[in-house]
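*Asks:* The following block contains the structure, expressed as structure tokens.
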6 protein chains.
Amino acid sequence: MKASVHIGDLTWKDYERRVREENAVVMLPVGALEQHGHHMSMNVDVLLPTAVCERVAERTGALVAPGIQYGYKSQQKSGGGNHYPGTTSLDGATLTHTVLDIIRELARHGVRKLAILNGHFENSMFLVEGIDLALRELRYAGIDDFRVMTLSYWDFVNDPQVIEQLYPDGFLGWDIEHGGVFETSLMLALYPELVDMDAVVDHPPATFPPYDMFPVVPERTPAPGTLSSAKTASKDKGELILDVCVKGISEALGEEFGG
Amino acid sequence: MKASVHIGDLTWKDYERRVREENAVVMLPVGALEQHGHHMSMNVDVLLPTAVCERVAERTGALVAPGIQYGYKSQQKSGGGNHYPGTTSLDGATLTHTVLDIIRELARHGVRKLAILNGHFENSMFLVEGIDLALRELRYAGIDDFRVMTLSYWDFVNDPQVIEQLYPDGFLGWDIEHGGVFETSLMLALYPELVDMDAVVDHPPATFPPYDMFPVVPERTPAPGTLSSAKTASKDKGELILDVCVKGISEALGEEFGG
Amino acid sequence: MKASVHIGDLTWKDYERRVREENAVVMLPVGALEQHGHHMSMNVDVLLPTAVCERVAERTGALVAPGIQYGYKSQQKSGGGNHYPGTTSLDGATLTHTVLDIIRELARHGVRKLAILNGHFENSMFLVEGIDLALRELRYAGIDDFRVMTLSYWDFVNDPQVIEQLYPDGFLGWDIEHGGVFETSLMLALYPELVDMDAVVDHPPATFPPYDMFPVVPERTPAPGTLSSAKTASKDKGELILDVCVKGISEALGEEFGG
Amino acid sequence: MKASVHIGDLTWKDYERRVREENAVVMLPVGALEQHGHHMSMNVDVLLPTAVCERVAERTGALVAPGIQYGYKSQQKSGGGNHYPGTTSLDGATLTHTVLDIIRELARHGVRKLAILNGHFENSMFLVEGIDLALRELRYAGIDDFRVMTLSYWDFVNDPQVIEQLYPDGFLGWDIEHGGVFETSLMLALYPELVDMDAVVDHPPATFPPYDMFPVVPERTPAPGTLSSAKTASKDKGELILDVCVKGISEALGEEFGG
Amino acid sequence: MKASVHIGDLTWKDYERRVREENAVVMLPVGALEQHGHHMSMNVDVLLPTAVCERVAERTGALVAPGIQYGYKSQQKSGGGNHYPGTTSLDGATLTHTVLDIIRELARHGVRKLAILNGHFENSMFLVEGIDLALRELRYAGIDDFRVMTLSYWDFVNDPQVIEQLYPDGFLGWDIEHGGVFETSLMLALYPELVDMDAVVDHPPATFPPYDMFPVVPERTPAPGTLSSAKTASKDKGELILDVCVKGISEALGEEFGG
Amino acid sequence: MKASVHIGDLTWKDYERRVREENAVVMLPVGALEQHGHHMSMNVDVLLPTAVCERVAERTGALVAPGIQYGYKSQQKSGGGNHYPGTTSLDGATLTHTVLDIIRELARHGVRKLAILNGHFENSMFLVEGIDLALRELRYAGIDDFRVMTLSYWDFVNDPQVIEQLYPDGFLGWDIEHGGVFETSLMLALYPELVDMDAVVDHPPATFPPYDMFPVVPERTPAPGTLSSAKTASKDKGELILDVCVKGISEALGEEFGG
């Protein structure tokens, strides 16, 4: 059988050995099925964290669990809003319990080090809740050494020089990076067949009032669904981001979870 | 962008068109992360229904939603039991609510025809419950024309001649086909790099008393985790099964959901 | 006070003694309120497992807990479908939590051996989930020796000679036995006043496609609600079945739970 | 088939007719499995409301649904506390959802008039919540004419002359009637084989501070589990109570639900 | 910083010291936002138990946690019914989980003595359930010395002489005291600016049948929403009640939780 | 009775008039009981949004509902972490259902305009989920014109000149403002008796890695629990913030909800 960092590709005997003998770190990518504008596929938030996990796992000896394919509801200021067709979201409790159940099972296998790599901003707090409920329950089971790292790969792109390379005309914040230069560049580097740069709509960055309205006011999201223009996205930028993220996350795993 | 039957590979505009103009059938593969013996990877129950969905979709114009990667707890008589390392299962309510949430969102998009293709026997009733809760809720929302088909691809292998080709020495029932000739043949046809035929343990079919015990009595499952021997599995058998399933399911979709 | 195998008929002192001193097995019948055709009452799925429990308890010294009167939703291929008037079903989570709560309480009393006797096929997986949640929680409470057996009495009718006696013209499988020869014979042996053999509709066995549709397509169920004809049911067959089940289940209890 | 007021004893066709043509009232007895002292069985809270329902149904043409066998946790001041062996209680949410599910199904059948007859004081608020959630949900389904009456049969024993006959030495309130004169007299009238008057412990009425403690302080409950002495219970008193309750409840049904 | 019995007014260091060094009792007032007639504000059920808690805390050294502001649904016979505008109620499970969560956190802080002071009758059983779930969970965490007292301040007004002073024309029971002499007198003593005695509607005491109807029959509640007339309420009566309650509850805390 | 913007201070008749005749906006402050360092009380997150609501309500004619007193679990990077004594947090689902229940009831009253003013960052997504579930359910009830605004008052302090006045040495971001200049200044302006400026610990701003660890690593939070020093807080700054927030929020209400 082929070598693989994916748990799903292993037999249970191989997995058991990796966990029990090597105390391997498990990485869990969490995404969404969400519109990403006219120019990009809807699986971006799954594909990107999965790709980062794969590369980090290859570098560090971690394992990658099957990714969570559906995420929490898209919010207008970070993902355009949940009113678009195609965006397919879970209730918060469903996502929370998915994480809780997976951690409970990993703990049964003997895993004690988990890194959850989030590719969809809106998931964050529901992942946190799933982790908190899981660690609480594990304590009832007498397990108190299970540790979880959560990370969003974009938080590792924090070197001003890198930011300057990505956004020579100025960086406007991660919030409006939905379907913009950042994600599009990564997709061009990783899955160019899922991007159509000709279909990019070059609109000004979205601006929002300092509050949110429910139901969402659809016209406040730029019509294509992106929050900033991906026009200056490029494969090179994507590779730069990927390098920075993979290196930063690998180091973070090393620092927290050891060699 | 490349053509694809996967919803995740589409832009929201393309998806919207397929759903609103073509009233496309959506197929949802549901699997599990579950041990499948010493000779096969743990993602079998996701890979197989996904592969069947892809082929049916290509034939019929259906779309394929991202698969549910984790399933309900493995039962001893159908999957060996949930005590194996690697087997990573959800509570029933988590699976049920995942299905409910996905259906609610598909209905919002305008989808009215859903086929849930199950690759892990233990999921069945929790899928049924998710569907029932979803259709009930849709009725509150005034939607009463959403229809769901559920199917397990193995139920389409019911031609005695096919059974005879697969099991020339006699067929012992689907229950003990966990990691046996059926699944292994399909994996050989589709993902040979995830099978190691040299590692097949050639044990006699599992036998169980006419009741179940909880906690499971581990020694009642053959040690490798399979319930029957995969020794006579072959790529050819896998292709035969695949043909039969794809054809049968395509016809079923046609009959229930129209052209 | 009269002697009784029913927990409900005992004082708490008597129950306490049976549990603490004799470590008695508790049996829990689980049924449904479900249509069973034109010729039979709707309490069949409660009455039959309760009657079996009583007889097994008399033979083995087990105790019988009050039966669960409502079950999971009737499925078309096993019970005709949940669209009939009279069929009164619980959501899966309600049934699961009922089982969980009962086990938690039995464990508090000191019970460590429980046999759940299911009379309604559709209950199975929700019972399993209730047991799994209960045993998990008991482990948090430091109790890890609580064991549960689940059984459906029809699974003990597996002697080919008995099958031949019951179905001289050939056995078509348990799935279509809803309201058929099997259940009707048992009712004739146990509760003849709840059967009207003149009202039996002698229709051919139900046939279904290899998939399920939701909402159900009502016309696929034979109109009376039974899935096969009860015409050849008889009191004698019922007594035979009862003998076989009571003997088999008594032996199973003995094997798993001891003398 | 025998005539019966019990829904479970009817075929679905007969039930359908009673509901659709006669708009029959359905009565649902709700009980508990709870200790009732050294002298009485633990099924009192199910048997008594069921018996009352049967008699009311015979008088009024109502139907009786299968009783809920397990109730909410026994409270010290009304049932002695939930720490006794044998007392087997549900979490509040389980009871609430059982009621919700049953109402949803009755409404589907066409029932519009339900009387829930409670035999276990502690159930009350969880029944109320189940009804409230059910009626809310029915409104979403467009059903706004479903009405529910809840009643505890002891509330119909409010004629001072009757109270005087039952308690010639003075009535001390319903709260401490757990296993006392009231319930024991009814059991003597209805199920004398489940009462052992020789085993009655003749203790003074329980007294409690004006607050509750959790966990319960067991020694505050009289040791046998009863809250007052059943010594003066009698079959005659039981028949008197039964007459009063059946008459009162029948009239109440008539007033609220019509002839 | 000012001295205060309110936990919210303390720094965490001060709170920590009070809990860890002094093992302080924590009091939790639980109320409702509920109509209280034409003459009184809707926060009565929060203000009154909070005021009692403050005074008891000053006397005994207890601490007061922030009150729960919303309670369970108003019932017709105790609060007029939940159909009034302004009455803003929680589902039972929400209230139960609020209590559960607060207890879990207090236990983490080191608190072991909690007194829940209820100001809204309808809350009672959902508080009980929250406590039961919490203590169960604490046991899984190895904490078995957490004790909870629940009390309704009116239960401490049980001295016949006091009752006589409050109701010289005879006491009709706590059930109909909603917005009547009792609560209004307390409000006059504590928050006279939230009472308008000129707006009191002097209606006869509400009378109800010995059962409840759902949906509520609005006309059975006296139109202003009160269940008895507050006409004879007075500041003096309020002060008397307050004295009795504060003294009685302080003593109860002393008896159960020590000096 | 005194005039008041607080719903709790009104009679139901006054409230009804304000809602039905004036279509008043309702404001709901949501806070937490959370440590805020050595120098400040733990009720900051409730007091501040409540004070802002009061002032906005006075200006705009809105009403203020009783605040939610307990919030979601404190996160290390925004509130120091949930491991401090005193911090008393709800599970996410409890907070979500509290919001859902309140909205359902407000809708029943006739309210159609709600502004939720959040004072505790960690609450945000669970409020969003509560709103989403509520609006979904209201649609089933046929109500589709209920609108909710969510806002965090600090988001209205976005004028660079104001930021400059508050942070003459440079603004480091809202994330580390827990117990810092911003909140402390507001408390000095509003509740000086709950602040002890002598107890401020003048530590450098907290720095964190670009990921989170669970369980939290306590030493990463500055020991007093604040994330930046409040040393330069002042009453004047607090009044400035208050003016800006009240003005900004009042305008926002006007824009979205009209007059």
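Please note that chains go A, B, ... in the order of the structure tokens, that every chain numbers its residues from 1, and that ligands are numbered from 1 in the order shown.
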I need the contact residues of chain E against chain A, so if you could list those with any atom within 12 Å, counting only C-alpha atoms, and return them as an MDAnalysis selection string, that would help.
*Replies:* chainID E and resid 101 104:105 108 136:143
*Asks:* Those same residues - N, CA, C and O atoms - I'd like them written as an mmCIF file, in the first residue's frame.
*Replies:*
```cif
data_model
loop_
_atom_site.group_PDB
_atom_site.id
_atom_site.type_symbol
_atom_site.label_atom_id
_atom_site.label_comp_id
_atom_site.auth_asym_id
_atom_site.auth_seq_id
_atom_site.Cartn_x
_atom_site.Cartn_y
_atom_site.Cartn_z
ATOM 1 N N ASP E 101 -25.044 24.893 34.175
ATOM 2 C CA ASP E 101 -23.775 25.548 33.817
ATOM 3 C C ASP E 101 -23.232 26.362 34.984
ATOM 4 O O ASP E 101 -22.024 26.357 35.253
ATOM 5 N N ARG E 104 -21.767 24.055 37.629
ATOM 6 C CA ARG E 104 -20.495 23.477 37.192
ATOM 7 C C ARG E 104 -19.348 24.475 37.409
ATOM 8 O O ARG E 104 -18.263 24.097 37.865
ATOM 9 N N GLU E 105 -19.622 25.732 37.090
ATOM 10 C CA GLU E 105 -18.587 26.751 37.227
ATOM 11 C C GLU E 105 -18.323 27.061 38.704
ATOM 12 O O GLU E 105 -17.168 27.185 39.131
ATOM 13 N N ARG E 108 -16.097 24.553 40.097
ATOM 14 C CA ARG E 108 -14.706 24.758 39.670
ATOM 15 C C ARG E 108 -14.020 25.814 40.540
ATOM 16 O O ARG E 108 -12.836 25.696 40.873
ATOM 17 N N ARG E 136 -25.057 15.202 39.311
ATOM 18 C CA ARG E 136 -24.669 13.959 38.628
ATOM 19 C C ARG E 136 -23.328 14.157 37.909
ATOM 20 O O ARG E 136 -22.426 13.331 38.021
ATOM 21 N N GLU E 137 -23.235 15.249 37.186
ATOM 22 C CA GLU E 137 -22.008 15.507 36.428
ATOM 23 C C GLU E 137 -20.829 15.767 37.369
ATOM 24 O O GLU E 137 -19.715 15.308 37.115
ATOM 25 N N LEU E 138 -21.076 16.468 38.457
ATOM 26 C CA LEU E 138 -19.989 16.709 39.415
ATOM 27 C C LEU E 138 -19.472 15.385 39.977
ATOM 28 O O LEU E 138 -18.276 15.241 40.226
ATOM 29 N N ARG E 139 -20.368 14.452 40.179
ATOM 30 C CA ARG E 139 -19.886 13.150 40.667
ATOM 31 C C ARG E 139 -18.938 12.507 39.659
ATOM 32 O O ARG E 139 -17.951 11.882 40.040
ATOM 33 N N TYR E 140 -19.231 12.671 38.377
ATOM 34 C CA TYR E 140 -18.318 12.115 37.367
ATOM 35 C C TYR E 140 -16.960 12.805 37.469
ATOM 36 O O TYR E 140 -15.931 12.216 37.143
ATOM 37 N N ALA E 141 -16.973 14.046 37.903
ATOM 38 C CA ALA E 141 -15.723 14.795 38.055
ATOM 39 C C ALA E 141 -15.093 14.533 39.422
ATOM 40 O O ALA E 141 -14.098 15.176 39.782
ATOM 41 N N GLY E 142 -15.676 13.627 40.187
ATOM 42 C CA GLY E 142 -15.088 13.279 41.476
ATOM 43 C C GLY E 142 -15.466 14.230 42.604
ATOM 44 O O GLY E 142 -14.884 14.185 43.681
ATOM 45 N N ILE E 143 -16.454 15.090 42.371
ATOM 46 C CA ILE E 143 -16.904 16.036 43.403
ATOM 47 C C ILE E 143 -18.216 15.534 43.963
ATOM 48 O O ILE E 143 -19.224 15.506 43.260
#
```
*Asks:* For the structure I just gave you, how does DSSP split stretch 89-239 of chain B - specifically, which residues are strand (DSSP E or B)? Reply as an NGL selection string.
*Replies:* :B and (89-90 or 113-118 or 147-152 or 195 or 212-214)
*Asks:* May I have the residues within 8 Å of stretch 205-220 of chain F as a tab-separated table (two decimals) with all heavy atoms, in the first residue's frame, using only C-alpha atoms and disregarding those fewer than 5 positions away in the same chain?
*Replies:*
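Output saved as result34.tsv:
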```tsv
chain	number	residue	atom	x	y	z
A	131	ILE	N	-14.27	21.44	21.46
A	131	ILE	CA	-13.06	21.05	22.20
A	131	ILE	C	-13.31	21.12	23.70
A	131	ILE	O	-12.94	20.23	24.45
A	131	ILE	CB	-11.90	21.99	21.80
A	131	ILE	CG1	-11.54	21.80	20.33
A	131	ILE	CG2	-10.69	21.76	22.71
A	131	ILE	CD1	-10.68	22.92	19.77
A	132	ASP	N	-13.95	22.20	24.13
A	132	ASP	CA	-14.18	22.36	25.57
A	132	ASP	C	-15.07	21.23	26.11
A	132	ASP	O	-14.78	20.66	27.16
A	132	ASP	CB	-14.82	23.73	25.85
A	132	ASP	CG	-14.89	23.99	27.34
A	132	ASP	OD1	-13.84	24.30	27.93
A	132	ASP	OD2	-15.98	23.84	27.92
A	135	LEU	N	-12.92	17.97	26.16
A	135	LEU	CA	-11.91	17.87	27.22
A	135	LEU	C	-12.58	17.70	28.57
A	135	LEU	O	-12.08	17.00	29.45
A	135	LEU	CB	-10.99	19.10	27.20
A	135	LEU	CG	-10.15	19.27	25.93
A	135	LEU	CD1	-9.13	20.38	26.12
A	135	LEU	CD2	-9.45	17.98	25.54
A	147	ARG	N	-4.31	17.26	24.58
A	147	ARG	CA	-4.16	18.68	24.27
A	147	ARG	C	-4.54	18.98	22.83
A	147	ARG	O	-4.28	18.18	21.94
A	147	ARG	CB	-2.72	19.12	24.52
A	147	ARG	CG	-2.43	19.22	26.04
A	147	ARG	CD	-1.06	19.80	26.30
A	147	ARG	NE	-0.05	18.96	25.73
A	147	ARG	CZ	1.04	19.44	25.10
A	147	ARG	NH1	1.22	20.74	24.97
A	147	ARG	NH2	1.94	18.62	24.60
A	148	VAL	N	-5.16	20.11	22.64
A	148	VAL	CA	-5.63	20.51	21.31
A	148	VAL	C	-5.08	21.88	20.96
A	148	VAL	O	-5.16	22.81	21.78
A	148	VAL	CB	-7.17	20.58	21.23
A	148	VAL	CG1	-7.63	20.81	19.80
A	148	VAL	CG2	-7.80	19.31	21.81
A	149	MET	N	-4.53	21.98	19.78
A	149	MET	CA	-4.14	23.29	19.23
A	149	MET	C	-5.16	23.64	18.16
A	149	MET	O	-5.52	22.78	17.35
A	149	MET	CB	-2.75	23.17	18.59
A	149	MET	CG	-2.26	24.42	17.91
A	149	MET	SD	-0.75	24.12	16.95
A	149	MET	CE	0.45	23.96	18.26
A	150	THR	N	-5.65	24.88	18.18
A	150	THR	CA	-6.48	25.32	17.05
A	150	THR	C	-5.74	26.42	16.32
A	150	THR	O	-5.10	27.27	16.95
A	150	THR	CB	-7.84	25.88	17.50
A	150	THR	OG1	-7.62	26.99	18.37
A	150	THR	CG2	-8.67	24.82	18.23
A	151	LEU	N	-5.86	26.41	15.03
A	151	LEU	CA	-5.18	27.43	14.27
A	151	LEU	C	-5.89	27.67	12.95
A	151	LEU	O	-6.54	26.78	12.40
A	151	LEU	CB	-3.71	27.07	14.03
A	151	LEU	CG	-3.34	25.60	13.80
A	151	LEU	CD1	-3.48	25.27	12.35
A	151	LEU	CD2	-1.92	25.39	14.27
A	152	SER	N	-5.79	28.90	12.52
A	152	SER	CA	-6.26	29.30	11.20
A	152	SER	C	-5.00	29.64	10.43
A	152	SER	O	-4.21	30.47	10.90
A	152	SER	CB	-7.17	30.52	11.29
A	152	SER	OG	-8.30	30.21	12.08
A	155	ASP	N	-3.42	33.11	10.11
A	155	ASP	CA	-2.80	33.81	11.24
A	155	ASP	C	-1.29	33.65	11.27
A	155	ASP	O	-0.59	34.32	12.03
A	155	ASP	CB	-3.38	33.29	12.57
A	155	ASP	CG	-4.78	33.80	12.82
A	155	ASP	OD1	-5.10	34.91	12.36
A	155	ASP	OD2	-5.56	33.10	13.48
A	156	PHE	N	-0.78	32.73	10.44
A	156	PHE	CA	0.66	32.53	10.39
A	156	PHE	C	1.32	33.43	9.34
A	156	PHE	O	2.53	33.45	9.22
A	156	PHE	CB	0.97	31.06	10.13
A	156	PHE	CG	0.73	30.21	11.35
A	156	PHE	CD1	-0.55	29.82	11.70
A	156	PHE	CD2	1.77	29.88	12.19
A	156	PHE	CE1	-0.79	29.08	12.85
A	156	PHE	CE2	1.56	29.12	13.33
A	156	PHE	CZ	0.27	28.73	13.67
F	76	GLN	N	-8.64	32.85	26.07
F	76	GLN	CA	-7.39	33.41	26.58
F	76	GLN	C	-6.99	34.72	25.88
F	76	GLN	O	-6.59	35.67	26.53
F	76	GLN	CB	-6.26	32.39	26.42
F	76	GLN	CG	-4.96	32.88	27.05
F	76	GLN	CD	-3.99	31.75	27.31
F	76	GLN	OE1	-3.91	30.81	26.55
F	76	GLN	NE2	-3.27	31.82	28.42
F	77	LYS	N	-7.15	34.78	24.57
F	77	LYS	CA	-6.66	35.95	23.84
F	77	LYS	C	-7.61	37.13	23.92
F	77	LYS	O	-7.27	38.23	23.49
F	77	LYS	CB	-6.42	35.58	22.38
F	77	LYS	CG	-5.25	34.64	22.17
F	77	LYS	CD	-5.08	34.39	20.69
F	77	LYS	CE	-3.89	33.49	20.42
F	77	LYS	NZ	-3.85	33.09	19.00
F	81	GLY	N	-8.97	33.80	29.58
F	81	GLY	CA	-9.16	32.35	29.73
F	81	GLY	C	-10.19	32.05	30.78
F	81	GLY	O	-10.42	32.84	31.70
F	83	HIS	N	-10.16	29.84	33.12
F	83	HIS	CA	-9.66	29.10	34.28
F	83	HIS	C	-9.64	29.94	35.56
F	83	HIS	O	-9.32	29.42	36.62
F	83	HIS	CB	-8.26	28.57	33.97
F	83	HIS	CG	-7.32	29.64	33.52
F	83	HIS	ND1	-7.47	30.33	32.34
F	83	HIS	CD2	-6.22	30.16	34.11
F	83	HIS	CE1	-6.50	31.21	32.21
F	83	HIS	NE2	-5.73	31.13	33.26
F	176	ILE	N	-6.78	42.91	23.05
F	176	ILE	CA	-6.12	42.90	24.36
F	176	ILE	C	-6.69	43.97	25.27
F	176	ILE	O	-6.12	44.30	26.30
F	176	ILE	CB	-4.60	43.06	24.21
F	176	ILE	CG1	-4.28	44.35	23.45
F	176	ILE	CG2	-3.98	41.84	23.53
F	176	ILE	CD1	-2.85	44.75	23.63
F	227	LEU	N	-5.37	41.96	29.97
F	227	LEU	CA	-4.50	41.71	28.82
F	227	LEU	C	-3.66	42.93	28.46
F	227	LEU	O	-2.76	42.85	27.63
F	227	LEU	CB	-5.32	41.24	27.63
F	227	LEU	CG	-6.08	39.92	27.85
F	227	LEU	CD1	-6.72	39.45	26.54
F	227	LEU	CD2	-5.15	38.84	28.39
F	228	SER	N	-3.99	44.08	29.05
F	228	SER	CA	-3.15	45.26	28.88
F	228	SER	C	-3.35	46.12	30.12
F	228	SER	O	-4.29	45.90	30.88
F	228	SER	CB	-3.52	46.03	27.60
F	228	SER	OG	-4.89	46.39	27.62
F	229	SER	N	-2.48	47.05	30.31
F	229	SER	CA	-2.52	47.84	31.53
F	229	SER	C	-3.60	48.93	31.47
F	229	SER	O	-3.77	49.59	30.44
F	229	SER	CB	-1.17	48.52	31.75
F	229	SER	OG	-1.28	49.48	32.77
```
*Asks:* Contacts of stretch 27-40 of chain E at 7 Å or less, counting only C-alpha atoms, minus same-chain residues fewer than 4 places along, as a ChimeraX atom specification?
*Replies:* /E:45-46,49-50,53,62-71,84,86-88,114-120,178-179,194-197,199-200,224-226 /F:8,11-13
*Asks:* So which residues touch stretch 157-169 of chain C within 8 Å, counting only C-alpha atoms, skipping near sequence neighbours fewer than 4 positions away, as a list in words?
*Replies:*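 So, after excluding close chain neighbours, the residues are Tyr153, Val181, Phe182, Lys237, Ile241, Val244 and Cys245 of chain C.
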*Asks:* May I ask for the distance between atom CA of A:Ser74 and atom CA of A:Leu100, given in Å to one decimal place?
*Replies:*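 Going from atom CA of A:Ser74 over to atom CA of A:Leu100, I get 21.5 Å.
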